[in-house]
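Colleague: Before we start, here is the structure in question, set down as structure tokens.
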Amino acid sequence: MDTPIWDFLQKYRQAGARRFHMPGHKGAGPLGCEAWDITEISGADSLYEASGVIAGSEGNAAALFGAGATFYSTGGSSQCVKAMLHLALQNRPAGTPPVILAARNVHKSFVHAAALLDFTPVWLWPEGGTSSLCACPLTAEGLDRALGTMDAPPAAVYVTSPDYLGNTADISALGRVCRRRGVPLLVDGAHGAYLRFLGPSRHPLDLGADLCCDSAHKTLPVLTGGAYLHVSKSAPAAFRAGARAALALFGSTSPSYLVLASLDRCNAELAGGYSLRLAERVRELEALRAGLEDNGWAVCPSDPLRLTLDAAASGLTGTALAELLRKGGVECEYADRAYTVLMATPDNAPEDLARVLAVLGVNRRPPLAAAVLPPARGERVMSLRQALLAPQETVPAEESLGRICGAPTVSCPPAIPIAVSGERIGAQALALFRYCGVERVDVVKERGALLEEG
């Protein structure tokens, strides 16, 4: 597969032109990559008006992913999430309110989008309970019931799959419900770009999503910030027509050509032997999971490239298990009180997987008491937009009870809000703050405080 962006950059570097354009480093510098870091010069195309090398590269990506159209982002999936939601709201039926029906384990980019686009989220809560803020298990029946109770159809249904622990939603079943109800299905698939290249594909586009974003950099050989916005072949034509403008609303006018070149080169990797290497690594991870279970470690079900350990069931906190791995030369992706998550790709060597098994060894610890805390159901007393943009103050978490959440206090990872902007912080949120070690919370300033400052 050709690589038009990379080929242009190579030719430009080799031509030795005197650079009287941005960036200021003029193609030279201490990193060694500056020669390929350019701006929108003649022939380089322009990301948000693409008709040349960028458009050609995006067409290659669309063919690889089986998409009706694929658009590049250099601002990660966060930029794509906002663009997806904008497209859904822009094209909702006339006279219907700006509402998105969303699984509660949203990334904070969804919250930021709600403030910027001024829509109301209606939450889908975990069915059957969950032991983690990261997870929000749903069923098609539950989604159908929720849609049936709404006064008007939402602009879209929005789910995250895979989630940070590697749980995947039944996109096929959810998609059938959405099609029957005439509502677009949007999937934050940031952690699942590689799913397209399994045999068979498990990618949301192939299972019924209308719009899907992938963080290419999370699971594919792409520089940080590289992401895709995919439009399915069966999605409304307006989604494809408006996607580039929607991305431009939320992206820099100076996108990184290094990231674009990385996305472009990745196409050639995916069109080559990537699927075979992926299948081999998936088999090796299955063997690693079995070996860990044989050694007494509790391994959770997850998507194929993730290793999620139930640390509490293995007698440790997730953070303690992460530290144990770190001392053995293994750095994990994420750890909290209960879980430790490792993410692998075909670019991990077999020796990397062997190191995990060797470092952890045999485990004979008794399990810790499991803490099951429900997601916090806060009373909405302000619109999300009003709260997030209102004057705020930071208070100790223990003093936040009854206050209105301002900017959601979350770490990244996993960047999933405990309380959402505009909700009154209740006892459930307070318990989760304690459990997650959140010590300070941003809240909306009370009227009295504002008058005193005035």
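In the structure tokens, chains take the letters A, B, ... in the order shown, each chain's residues start at 1, and ligands count up from 1 in the order shown.
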Write out as a PyMOL selection string all residues of stretch 72-204 of chain A that backbone DSSP assigns to helix (DSSP H, G or I).

Modeller: chain A and resi 76-90+108-117+140-148+171-181+193-197+204

Colleague: With a cut-off of 9 Å, could you pull out the residues of stretch 45-68 of chain A touching stretch 204-217 of chain A and give me the nearest pair of atoms for each, distance in Å to one decimal, using only C-alpha atoms, ordered by chain and ascending number, as a tab-separated table?

Modeller:
residue	atom	partner	partner_atom	distance
A:Phe65	CA	A:Leu205	CA	8.0
A:Gly66	CA	A:Leu205	CA	7.6
A:Ala67	CA	A:Leu205	CA	7.0

Colleague: Quick one: residues within 9 Å of A:Ala369, only C-alpha atoms counted, chain neighbours fewer than 6 positions away excluded, as a ChimeraX atom specification?

Modeller: /A:312-313,315

Colleague: Go ahead and save the picked residues with N, CA and C atoms, as an mmCIF file, in the first residue's frame.

Modeller:
data_model
loop_
_atom_site.group_PDB
_atom_site.id
_atom_site.type_symbol
_atom_site.label_atom_id
_atom_site.label_comp_id
_atom_site.auth_asym_id
_atom_site.auth_seq_id
_atom_site.Cartn_x
_atom_site.Cartn_y
_atom_site.Cartn_z
ATOM 1 N N ALA A 312 -7.134 -7.428 43.739
ATOM 2 C CA ALA A 312 -7.744 -7.651 45.055
ATOM 3 C C ALA A 312 -8.044 -9.132 45.268
ATOM 4 N N ALA A 313 -8.534 -9.800 44.237
ATOM 5 C CA ALA A 313 -8.801 -11.235 44.350
ATOM 6 C C ALA A 313 -7.513 -12.034 44.497
ATOM 7 N N GLY A 315 -5.010 -10.850 46.386
ATOM 8 C CA GLY A 315 -4.422 -10.509 47.677
ATOM 9 C C GLY A 315 -3.611 -9.237 47.721
#

Colleague: Given the choices A:Ala193, A:Ser131, A:Pro408, A:Thr219, which gets closest to A:Ala370 if the distance is worked out from only C-alpha atoms?

Modeller: A:Ser131

Colleague: Which is closest to A:Ala279 among A:Leu353, A:Ala390, A:Leu198, A:Ala63, if we use only C-alpha atoms?

Modeller: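 Of A:Leu353, A:Ala390, A:Leu198, A:Ala63, the one nearest A:Ala279, counting only C-alpha atoms, is A:Leu198.
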
Colleague: Would you give me, as a list in words, the residues in stretch 52-191 of chain A that DSSP reads as strand (DSSP E or B)?

Modeller: Ala69, Thr70, Phe71, Tyr72, Ser73, Val99, Ile100, Leu101, Ala102, Ala103, Thr120, Pro121, Val122, Trp123, Leu124, Ala156, Val157, Tyr158, Val159, Thr160, Leu185, Leu186, Val187 and Asp188 of chain A

Colleague: Limited to N, CA, C and O atoms, could you put the picked residues into a file as a short mmCIF file (atom, residue, chain, number, x, y, z; two decimals), in the first residue's frame?

Modeller:
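The resulting file, out_20.cif, is reproduced below:
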data_model
loop_
_atom_site.label_atom_id
_atom_site.label_comp_id
_atom_site.auth_asym_id
_atom_site.auth_seq_id
_atom_site.Cartn_x
_atom_site.Cartn_y
_atom_site.Cartn_z
N ALA A 69 -15.93 6.16 5.14
CA ALA A 69 -14.91 7.20 5.09
C ALA A 69 -14.17 7.19 6.42
O ALA A 69 -14.74 6.88 7.47
N THR A 70 -12.88 7.49 6.36
CA THR A 70 -12.05 7.61 7.56
C THR A 70 -11.33 8.94 7.51
O THR A 70 -10.80 9.33 6.46
N PHE A 71 -11.30 9.64 8.64
CA PHE A 71 -10.67 10.95 8.73
C PHE A 71 -9.63 10.91 9.85
O PHE A 71 -9.87 10.34 10.91
N TYR A 72 -8.49 11.55 9.60
CA TYR A 72 -7.40 11.55 10.57
C TYR A 72 -7.60 12.65 11.61
O TYR A 72 -8.13 13.73 11.34
N SER A 73 -7.11 12.36 12.80
CA SER A 73 -7.02 13.33 13.88
C SER A 73 -5.61 13.28 14.44
O SER A 73 -5.04 12.20 14.62
N VAL A 99 -30.18 15.80 23.07
CA VAL A 99 -29.99 14.79 24.12
C VAL A 99 -29.17 13.64 23.55
O VAL A 99 -29.42 13.19 22.42
N ILE A 100 -28.21 13.15 24.32
CA ILE A 100 -27.45 11.95 23.97
C ILE A 100 -27.67 10.92 25.07
O ILE A 100 -27.50 11.23 26.26
N LEU A 101 -28.06 9.71 24.69
CA LEU A 101 -28.22 8.60 25.64
C LEU A 101 -26.89 7.87 25.71
O LEU A 101 -26.45 7.29 24.71
N ALA A 102 -26.23 7.90 26.86
CA ALA A 102 -24.84 7.44 26.94
C ALA A 102 -24.62 6.52 28.12
O ALA A 102 -25.13 6.76 29.23
N ALA A 103 -23.85 5.47 27.90
CA ALA A 103 -23.38 4.63 29.00
C ALA A 103 -22.54 5.49 29.94
O ALA A 103 -21.74 6.33 29.48
N THR A 120 -27.71 17.64 26.60
CA THR A 120 -28.00 17.00 27.87
C THR A 120 -27.72 15.51 27.76
O THR A 120 -28.29 14.83 26.91
N PRO A 121 -26.84 14.98 28.61
CA PRO A 121 -26.65 13.53 28.63
C PRO A 121 -27.72 12.86 29.48
O PRO A 121 -28.06 13.34 30.56
N VAL A 122 -28.26 11.78 28.99
CA VAL A 122 -29.13 10.90 29.77
C VAL A 122 -28.36 9.61 29.94
O VAL A 122 -27.94 8.98 28.96
N TRP A 123 -28.17 9.18 31.19
CA TRP A 123 -27.23 8.09 31.46
C TRP A 123 -27.89 6.71 31.39
O TRP A 123 -29.01 6.52 31.86
N LEU A 124 -27.15 5.80 30.77
CA LEU A 124 -27.43 4.36 30.87
C LEU A 124 -26.55 3.83 31.99
O LEU A 124 -25.31 3.92 31.92
N ALA A 156 -28.41 10.43 19.57
CA ALA A 156 -27.58 9.25 19.37
C ALA A 156 -27.53 8.44 20.66
O ALA A 156 -27.82 8.95 21.74
N VAL A 157 -27.16 7.18 20.52
CA VAL A 157 -26.75 6.34 21.63
C VAL A 157 -25.24 6.26 21.59
O VAL A 157 -24.64 6.08 20.51
N TYR A 158 -24.59 6.37 22.76
CA TYR A 158 -23.14 6.48 22.83
C TYR A 158 -22.62 5.47 23.85
O TYR A 158 -23.04 5.48 25.00
N VAL A 159 -21.69 4.61 23.41
CA VAL A 159 -21.10 3.62 24.32
C VAL A 159 -19.59 3.61 24.14
O VAL A 159 -19.06 4.03 23.11
N THR A 160 -18.92 3.11 25.16
CA THR A 160 -17.46 2.95 25.14
C THR A 160 -17.15 1.46 25.07
O THR A 160 -17.57 0.69 25.93
N LEU A 185 -25.83 4.91 16.33
CA LEU A 185 -25.00 4.34 17.39
C LEU A 185 -23.58 4.86 17.23
O LEU A 185 -22.95 4.65 16.19
N LEU A 186 -23.09 5.54 18.26
CA LEU A 186 -21.74 6.08 18.28
C LEU A 186 -20.91 5.27 19.28
O LEU A 186 -21.37 5.01 20.40
N VAL A 187 -19.71 4.89 18.88
CA VAL A 187 -18.85 4.07 19.74
C VAL A 187 -17.51 4.76 19.95
O VAL A 187 -16.81 5.08 18.98
N ASP A 188 -17.18 5.01 21.21
CA ASP A 188 -15.82 5.41 21.57
C ASP A 188 -15.01 4.12 21.63
O ASP A 188 -15.02 3.40 22.63
#

Colleague: Leaving out A:Ala245 and any residue of its chain fewer than 6 positions from it, which residues lie within 10 Å of it when counting only C-alpha atoms, given as JSON, numbers by chain?

Modeller: {"A": [48, 49, 83, 87, 251]}

Colleague: Using N, CA, C and O atoms, can you export the residues from the last selection as a compact mmCIF listing (two decimals), in the first residue's frame?

Modeller:
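Output file selection.txt is given in full below:
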# COMPACT_ATOMS: atom_id res chain seq x y z
N TYR A 48 -7.84 19.71 7.19
CA TYR A 48 -9.28 19.98 7.27
C TYR A 48 -9.88 20.44 5.93
O TYR A 48 -11.07 20.73 5.86
N GLU A 49 -9.05 20.50 4.88
CA GLU A 49 -9.54 20.74 3.51
C GLU A 49 -8.86 19.75 2.58
O GLU A 49 -8.50 20.07 1.45
N ALA A 83 -16.20 15.58 17.72
CA ALA A 83 -16.70 15.67 16.35
C ALA A 83 -17.87 14.73 16.13
O ALA A 83 -18.87 15.09 15.48
N LEU A 87 -21.70 15.89 15.04
CA LEU A 87 -22.39 15.38 13.85
C LEU A 87 -23.77 14.83 14.20
O LEU A 87 -24.75 15.07 13.49
N GLY A 251 -10.03 20.94 16.58
CA GLY A 251 -8.61 20.63 16.39
C GLY A 251 -7.79 21.88 16.14
O GLY A 251 -8.30 22.93 15.75

Colleague: Quick one: distance from atom CA of A:Val444 to atom CA of A:Ala246 in Å, one decimal?

Modeller: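 Taking atom CA of A:Val444 and atom CA of A:Ala246, their separation equals 29.7 Å.
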